[in-house]
$ cat start.cif   # mmCIF, C-alpha atoms
data_entry
#
loop_
_atom_site.label_atom_id
_atom_site.label_comp_id
_atom_site.auth_asym_id
_atom_site.auth_seq_id
_atom_site.Cartn_x
_atom_site.Cartn_y
_atom_site.Cartn_z
CA MET D 1 71.37 27.08 -32.21
CA MET D 2 68.56 26.92 -34.78
CA ILE D 3 64.87 26.96 -33.99
CA GLY D 4 62.18 26.51 -36.64
CA SER D 5 64.18 28.11 -39.44
CA ASP D 6 67.71 28.60 -40.65
CA LYS D 7 68.19 31.88 -38.75
CA PRO D 8 70.36 31.79 -35.62
CA MET D 9 68.37 32.18 -32.39
CA THR D 10 69.83 35.59 -31.50
CA ALA D 11 68.75 37.01 -34.86
CA GLN D 12 65.28 35.51 -34.41
CA ARG D 13 65.02 37.02 -30.96
CA LEU D 14 66.10 40.41 -32.28
CA LEU D 15 63.53 40.30 -35.09
CA ALA D 16 60.80 39.23 -32.66
CA LEU D 17 61.83 42.11 -30.39
CA LEU D 18 61.62 44.50 -33.36
CA ASN D 19 58.19 43.11 -34.24
CA TYR D 20 56.77 43.61 -30.74
CA THR D 21 58.42 47.05 -30.42
CA TYR D 22 56.82 48.06 -33.70
CA LEU D 23 53.38 46.89 -32.55
CA LEU D 24 53.81 48.70 -29.25
CA LEU D 25 54.75 51.93 -31.02
CA VAL D 26 51.72 51.72 -33.32
CA MET D 27 49.38 51.23 -30.35
CA PHE D 28 51.12 54.05 -28.47
CA VAL D 29 50.68 56.47 -31.39
CA ILE D 30 47.01 55.55 -31.86
CA ALA D 31 46.36 55.94 -28.13
CA GLY D 32 48.03 59.37 -28.32
CA ILE D 33 45.91 60.43 -31.30
CA LEU D 34 42.69 59.31 -29.58
CA THR D 35 43.73 61.13 -26.41
CA ALA D 36 44.36 64.31 -28.42
CA ALA D 37 40.95 63.99 -30.09
CA MET D 38 39.27 63.51 -26.71
CA THR D 39 41.16 66.50 -25.28
CA LEU D 40 39.83 68.65 -28.13
CA GLN D 41 36.37 67.31 -27.36
CA TYR D 42 36.30 67.74 -23.58
CA VAL D 43 38.59 70.78 -23.14
CA ASN D 44 37.78 72.83 -26.26
CA GLY D 45 34.18 71.62 -26.54
CA GLU D 46 34.61 70.37 -30.13
CA LEU D 47 32.02 67.63 -30.45
CA PRO D 48 32.90 64.87 -32.94
CA CYS D 49 30.74 64.39 -36.02
CA PRO D 50 29.38 60.90 -36.87
CA LEU D 51 32.17 60.20 -39.35
CA CYS D 52 34.76 61.38 -36.78
CA LEU D 53 33.31 58.88 -34.29
CA LEU D 54 33.53 56.10 -36.89
CA GLU D 55 37.17 57.04 -37.46
CA ARG D 56 37.76 56.58 -33.73
CA VAL D 57 36.13 53.14 -33.93
CA ALA D 58 38.44 52.23 -36.82
CA MET D 59 41.50 53.26 -34.79
CA LEU D 60 40.26 51.20 -31.85
CA GLY D 61 39.84 48.26 -34.25
CA VAL D 62 43.50 48.60 -35.28
CA CYS D 63 44.42 48.51 -31.57
CA PHE D 64 42.26 45.37 -31.11
CA GLY D 65 44.46 43.37 -33.49
CA ILE D 66 47.62 44.62 -31.80
CA MET D 67 46.25 43.91 -28.32
CA LEU D 68 45.44 40.30 -29.29
CA ASN D 69 49.03 39.91 -30.49
CA PHE D 70 50.22 40.81 -27.01
CA ARG D 71 47.56 38.84 -25.11
CA ARG D 72 47.32 35.65 -27.18
CA GLY D 73 50.62 35.53 -29.06
CA PHE D 74 51.56 36.89 -32.46
CA SER D 75 49.31 35.86 -35.35
CA TYR D 76 48.82 37.12 -38.88
CA GLN D 77 45.08 36.84 -38.33
CA ASN D 78 45.41 39.62 -35.76
CA THR D 79 47.46 41.63 -38.26
CA GLY D 80 44.58 41.12 -40.71
CA PHE D 81 42.11 42.65 -38.23
CA SER D 82 44.33 45.69 -37.85
CA LEU D 83 44.78 46.09 -41.62
CA LEU D 84 41.03 45.74 -42.18
CA PHE D 85 40.28 48.59 -39.79
CA ALA D 86 43.12 50.69 -41.25
CA ILE D 87 41.37 50.41 -44.64
CA VAL D 88 38.03 51.35 -43.02
CA LEU D 89 39.75 54.38 -41.49
CA LEU D 90 41.14 55.38 -44.89
CA VAL D 91 37.78 55.05 -46.67
CA ILE D 92 35.87 57.05 -44.03
CA SER D 93 38.48 59.80 -43.74
CA VAL D 94 38.77 60.23 -47.52
CA ARG D 95 34.99 60.53 -47.75
CA GLN D 96 34.92 63.05 -44.91
CA SER D 97 37.72 65.12 -46.43
CA LEU D 98 35.86 65.22 -49.76
CA LEU D 99 32.80 66.36 -47.83
CA ASP D 100 34.74 69.11 -46.06
CA ILE D 101 36.22 70.41 -49.30
CA TYR D 102 32.70 71.51 -50.20
CA PRO D 103 30.72 71.52 -46.92
CA ARG D 104 26.95 71.34 -46.77
CA PRO D 105 25.42 74.79 -46.23
CA GLY D 106 24.88 75.24 -42.51
CA HIS D 107 27.37 72.47 -41.68
CA GLU D 108 30.64 74.26 -42.38
CA TYR D 109 32.03 73.46 -38.92
CA ILE D 110 34.91 71.02 -39.24
CA GLY D 111 36.81 71.64 -35.99
CA SER D 112 40.16 73.28 -35.36
CA ALA D 113 43.35 72.56 -37.28
CA ILE D 114 46.40 70.90 -35.76
CA PHE D 115 49.69 72.04 -37.38
CA GLY D 116 47.53 73.56 -40.10
CA ILE D 117 45.78 70.29 -40.96
CA HIS D 118 42.22 69.35 -40.01
CA MET D 119 41.37 66.05 -38.35
CA PRO D 120 39.85 64.30 -41.40
CA VAL D 121 43.04 64.97 -43.37
CA TRP D 122 45.10 63.84 -40.38
CA SER D 123 43.03 60.65 -40.41
CA ILE D 124 44.00 60.02 -44.05
CA ILE D 125 47.65 60.54 -43.15
CA ILE D 126 47.30 58.22 -40.14
CA ALA D 127 45.59 55.49 -42.20
CA LEU D 128 48.19 55.70 -44.96
CA ALA D 129 50.99 55.69 -42.37
CA LEU D 130 49.51 52.57 -40.75
CA LEU D 131 49.17 50.73 -44.07
CA THR D 132 52.66 51.78 -45.17
CA ALA D 133 54.18 50.80 -41.83
CA TYR D 134 52.51 47.37 -41.96
CA ALA D 135 53.69 46.88 -45.55
CA ILE D 136 57.27 47.80 -44.61
CA LYS D 137 57.13 45.54 -41.55
CA LEU D 138 55.91 42.59 -43.63
CA ALA D 139 58.53 43.28 -46.28
CA ILE D 140 61.35 43.38 -43.71
CA LEU D 141 60.26 40.77 -41.17
CA GLY D 142 58.43 38.49 -43.59
CA ASP D 143 56.04 35.77 -42.47
CA ASP D 144 58.58 33.53 -40.79
CA GLU D 145 57.52 31.07 -38.14
CA TYR D 146 59.80 32.52 -35.53
CA LEU D 147 57.48 35.52 -35.09
CA ARG D 148 54.68 33.14 -34.07
CA GLU D 149 57.00 31.05 -31.90
CA ALA D 150 58.48 34.00 -30.02
CA ASP D 151 56.21 34.72 -27.07
CA VAL D 152 55.95 38.26 -25.77
CA SER D 153 56.66 36.96 -22.26
CA GLU D 154 60.28 36.63 -23.40
CA PHE D 155 60.34 40.43 -23.30
CA PRO D 156 58.90 41.32 -19.87
CA ALA D 157 59.35 45.09 -20.20
CA ILE D 158 57.45 45.19 -23.50
CA ARG D 159 54.79 42.89 -22.04
CA ARG D 160 54.26 45.22 -19.07
CA ILE D 161 54.03 48.37 -21.21
CA ALA D 162 51.69 46.59 -23.65
CA ASP D 163 49.39 45.54 -20.79
CA ILE D 164 49.21 49.10 -19.45
CA LEU D 165 48.63 50.49 -22.95
CA SER D 166 45.93 47.89 -23.68
CA VAL D 167 44.04 48.79 -20.50
CA TYR D 168 44.37 52.45 -21.44
CA VAL D 169 42.92 51.78 -24.92
CA ILE D 170 40.00 49.85 -23.37
CA ALA D 171 39.44 52.79 -21.00
CA ILE D 172 39.45 55.20 -23.97
CA CYS D 173 36.84 53.06 -25.71
CA LEU D 174 34.62 52.94 -22.61
CA ILE D 175 34.90 56.72 -22.09
CA ASN D 176 33.93 57.20 -25.74
CA LEU D 177 30.97 54.86 -25.26
CA VAL D 178 29.67 56.96 -22.36
CA SER D 179 30.36 60.13 -24.33
CA VAL D 180 28.47 58.80 -27.37
CA VAL D 181 25.49 57.88 -25.18
CA LEU D 182 25.46 61.46 -23.85
CA GLN D 183 25.96 63.05 -27.27
CA CYS D 184 23.73 60.89 -29.45
CA GLY D 185 21.39 59.09 -27.06
CA PHE D 186 20.13 56.09 -29.00
CA GLY D 187 19.45 58.06 -32.19
CA GLU D 188 21.35 60.14 -34.71
CA CYS D 189 24.57 61.93 -33.70
CA HIS D 190 24.84 65.69 -34.10
CA THR D 191 27.50 68.22 -33.17
CA PHE D 192 25.05 70.73 -31.66
CA GLY D 193 25.54 69.48 -28.11
CA TYR D 194 25.19 66.54 -25.76
CA LYS D 195 21.63 65.38 -26.37
CA LEU D 196 21.12 63.86 -22.93
CA LEU D 197 22.51 66.92 -21.10
CA GLN D 198 20.13 69.42 -22.70
CA MET J 1 23.27 53.04 -33.75
CA MET J 2 26.57 54.74 -32.89
CA VAL J 3 26.06 53.52 -29.32
CA ALA J 4 25.81 49.94 -30.62
CA VAL J 5 29.03 50.39 -32.61
CA PHE J 6 30.97 51.60 -29.56
CA ALA J 7 29.32 49.07 -27.25
CA THR J 8 30.31 46.11 -29.45
CA MET J 9 33.83 47.50 -29.89
CA SER J 10 34.17 47.96 -26.10
CA LEU J 11 32.97 44.40 -25.48
CA ALA J 12 35.32 43.09 -28.18
CA LEU J 13 38.29 44.79 -26.54
CA ILE J 14 37.30 43.53 -23.08
CA CYS J 15 36.76 39.96 -24.34
CA GLY J 16 40.11 40.15 -26.16
CA TRP J 17 41.76 41.29 -22.94
CA ILE J 18 40.28 38.49 -20.79
CA GLY J 19 41.15 35.86 -23.40
CA ARG J 20 37.75 35.04 -24.97
CA ARG J 21 39.22 35.23 -28.46
CA TRP J 22 36.36 33.97 -30.63
CA LEU J 23 33.74 35.95 -28.77
CA ALA J 24 35.98 38.99 -29.16
CA VAL J 25 36.37 38.37 -32.90
CA ALA J 26 32.59 37.90 -33.29
CA LEU J 27 31.97 41.19 -31.48
CA LEU J 28 34.63 42.90 -33.59
CA ALA J 29 32.97 41.63 -36.76
CA THR J 30 29.60 42.90 -35.48
CA SER J 31 31.14 46.29 -34.77
CA LEU J 32 32.67 46.37 -38.25
CA VAL J 33 29.37 45.50 -39.96
CA LEU J 34 27.49 48.10 -37.90
CA SER J 35 30.18 50.71 -38.68
CA ILE J 36 29.97 50.06 -42.41
CA TRP J 37 26.16 50.13 -42.28
CA LEU J 38 26.22 53.42 -40.36
CA PHE J 39 28.81 54.88 -42.72
CA LEU J 40 26.67 54.03 -45.73
CA PHE J 41 23.61 55.42 -43.97
CA GLU J 42 25.45 58.66 -43.15
CA ILE J 43 26.60 59.21 -46.71
CA TYR J 44 23.43 58.14 -48.53
CA SER J 45 20.55 59.15 -46.26
CA PRO J 46 18.71 61.99 -48.00
CA GLU J 47 17.52 63.32 -44.63
CA TYR J 48 20.59 62.99 -42.43
CA GLY J 49 23.22 61.96 -44.91
CA PHE J 50 25.93 63.60 -46.92
CA ARG J 51 24.84 62.94 -50.49
CA MET J 52 26.01 66.44 -51.38
CA PRO J 53 22.85 67.29 -53.32
CA TRP J 54 23.95 70.94 -53.29
CA ILE J 55 26.91 70.00 -55.46
CA GLN J 56 24.74 67.92 -57.80
CA THR J 57 22.29 70.82 -58.00
CA GLU J 58 25.05 73.23 -58.92
CA LEU J 59 26.44 70.78 -61.45
CA GLY J 60 22.93 70.30 -62.82
CA SER J 61 22.37 74.01 -63.21
CA ALA J 62 25.81 74.41 -64.79
CA LEU J 63 25.01 71.65 -67.31
CA SER J 64 21.65 73.30 -68.02
CA ALA J 65 23.42 76.58 -68.64
CA ILE J 66 25.83 74.86 -71.05
CA ARG J 67 22.93 73.20 -72.90
CA VAL J 68 21.13 76.53 -73.16
CA ALA J 69 24.29 78.21 -74.45
CA ARG J 70 24.79 75.48 -77.08
CA SER J 71 21.22 75.66 -78.30
#
$ encode --input "start.cif" --output "structure tokens"
Amino acid sequence: MMIGSDKPMTAQRLLALLNYTYLLLVMFVIAGILTAAMTLQYVNGELPCPLCLLERVAMLGVCFGIMLNFRRGFSYQNTGFSLLFAIVLLVISVRQSLLDIYPRPGHEYIGSAIFGIHMPVWSIIIALALLTAYAIKLAILGDDEYLREADVSEFPAIRRIADILSVYVIAICLINLVSVVLQCGFGECHTFGYKLLQ
Amino acid sequence: MMVAVFATMSLALICGWIGRRWLAVALLATSLVLSIWLFLFEIYSPEYGFRMPWIQTELGSALSAIRVARS
């Protein structure tokens, strides 16, 4: 049976499954990274700098595009949102790494290293990994219509996990919003302490 | 400003979740614009920003030293 293209339906279904699995994995990894960053913040007391907070926003923006793919069906417009925020993440993290190579006197604090690499450098790696993964996905899966025709409801297990993960990402964003209000108030952000708790 | 960035992103995610696509996209775009504005402010503000004047100063003094040595 052929639907929408010359690929047999089973192959289309498999490719759609791969596509949704890939998106789920990306969102899972980003949720894990944000959770690790928040653990460092709340457990170790390492307050995020302004650029670190903007990097978190960029990662949440990548998740936004993926979440829309699960909620409203696959669309390359949603992929565009994710790619846009991946580029924002890359630009901010490169700038921050350049800053940390030669820190401002009195602002040498850059947080603890994970596997010997600091968070800004990890952010560069994450952004490059996201862009590379999207490029590979587009190269392999192409822009065929079947990806837009295949609804995620055809894969109930993936749909369920994606829903849970999406709610978790929204919760992360809301927790960060409260945290930012406490840390920055409605003014500039600093890493000296939670402004509203002092 | 950072609060506004996170607030718009939170609203965008919530609107995306409940199916208000275009409102979600508008909020996402707002969050993106605010993020870029804040990023530029952070890196260029002479008071709060990261213009790295200490590096420029050191480069300036190094260039002065080179000029003095040449003359």
$ atom_distance --input "start.cif" --atom1 "atom CA of Glu188 of chain D" --atom2 "atom CA of Gly65 of chain D"
28.6 Å
$ closest_residue --input "start.cif" --among "D:Ile30, D:Leu98, D:Val57, D:Ile125" --to "chain J" --atoms "all atoms listed in the file"
D:Val57
$ interface_residues --input "start.cif" --of "chain J" --to "chain D" --cutoff "7 Å" --atoms "all atoms listed in the file" --output "PyMOL selection string"
chain J and resi 1+3+6-7+10+13-14+16-17+35+52
$ write_last_selection --input "start.cif" --atoms "C-alpha atoms" --output "PDB file, in the coordinates of the input"
ATOM      1  CA  MET J   1      23.270  53.040 -33.750  1.00  0.00           C
ATOM      2  CA  VAL J   3      26.060  53.520 -29.320  1.00  0.00           C
ATOM      3  CA  PHE J   6      30.970  51.600 -29.560  1.00  0.00           C
ATOM      4  CA  ALA J   7      29.320  49.070 -27.250  1.00  0.00           C
ATOM      5  CA  SER J  10      34.170  47.960 -26.100  1.00  0.00           C
ATOM      6  CA  LEU J  13      38.290  44.790 -26.540  1.00  0.00           C
ATOM      7  CA  ILE J  14      37.300  43.530 -23.080  1.00  0.00           C
ATOM      8  CA  GLY J  16      40.110  40.150 -26.160  1.00  0.00           C
ATOM      9  CA  TRP J  17      41.760  41.290 -22.940  1.00  0.00           C
ATOM     10  CA  SER J  35      30.180  50.710 -38.680  1.00  0.00           C
ATOM     11  CA  MET J  52      26.010  66.440 -51.380  1.00  0.00           C
TER      12      MET J  52
END
$ atom_distance --input "start.cif" --atom1 "atom CA of Ser45 of chain J" --atom2 "atom CA of Ala12 of chain J"
28.3 Å
$ atom_distance --input "start.cif" --atom1 "atom CA of Val33 of chain J" --atom2 "atom CA of Leu131 of chain D"
20.9 Å
$ resolve_selection --input "start.cif" --expression "the PyMOL selection byres ((chain D and resi 152) around 9)" --output "list in words"
Ala16, Leu17, Tyr20, Asn69, Phe70, Arg71, Gly73, Phe74, Ala150, Asp151, Ser153, Glu154, Phe155, Pro156, Ile158 and Arg159 of chain D
$ closest_residue --input "start.cif" --among "D:Ile101, D:Leu141, D:Met38, D:Leu89" --to "Met59 of chain D" --atoms "all atoms listed in the file"
D:Leu89
$ closest_residue --input "start.cif" --among "D:Leu128, D:Ile164, D:Leu138, D:Leu25" --to "Tyr76 of chain D" --atoms "all atoms listed in the file"
D:Leu138
$ residues_around --input "start.cif" --residues "Ala26 of chain J" --least-positions-apart "5" --cutoff "10 Å" --atoms "only C-alpha atoms" --output "list in words"
Thr8, Ala12, Arg21, Ser31 and Leu32 of chain J
$ write_last_selection --input "start.cif" --atoms "C-alpha atoms" --output "compact mmCIF listing (two decimals), in the frame of the given file"
# COMPACT_ATOMS: atom_id res chain seq x y z
CA THR J 8 30.31 46.11 -29.45
CA ALA J 12 35.32 43.09 -28.18
CA ARG J 21 39.22 35.23 -28.46
CA SER J 31 31.14 46.29 -34.77
CA LEU J 32 32.67 46.37 -38.25
$ closest_residue --input "start.cif" --among "J:Met2, J:Met9, J:Ile43, J:Ile66" --to "Thr30 of chain J" --atoms "all atoms listed in the file"
J:Met9
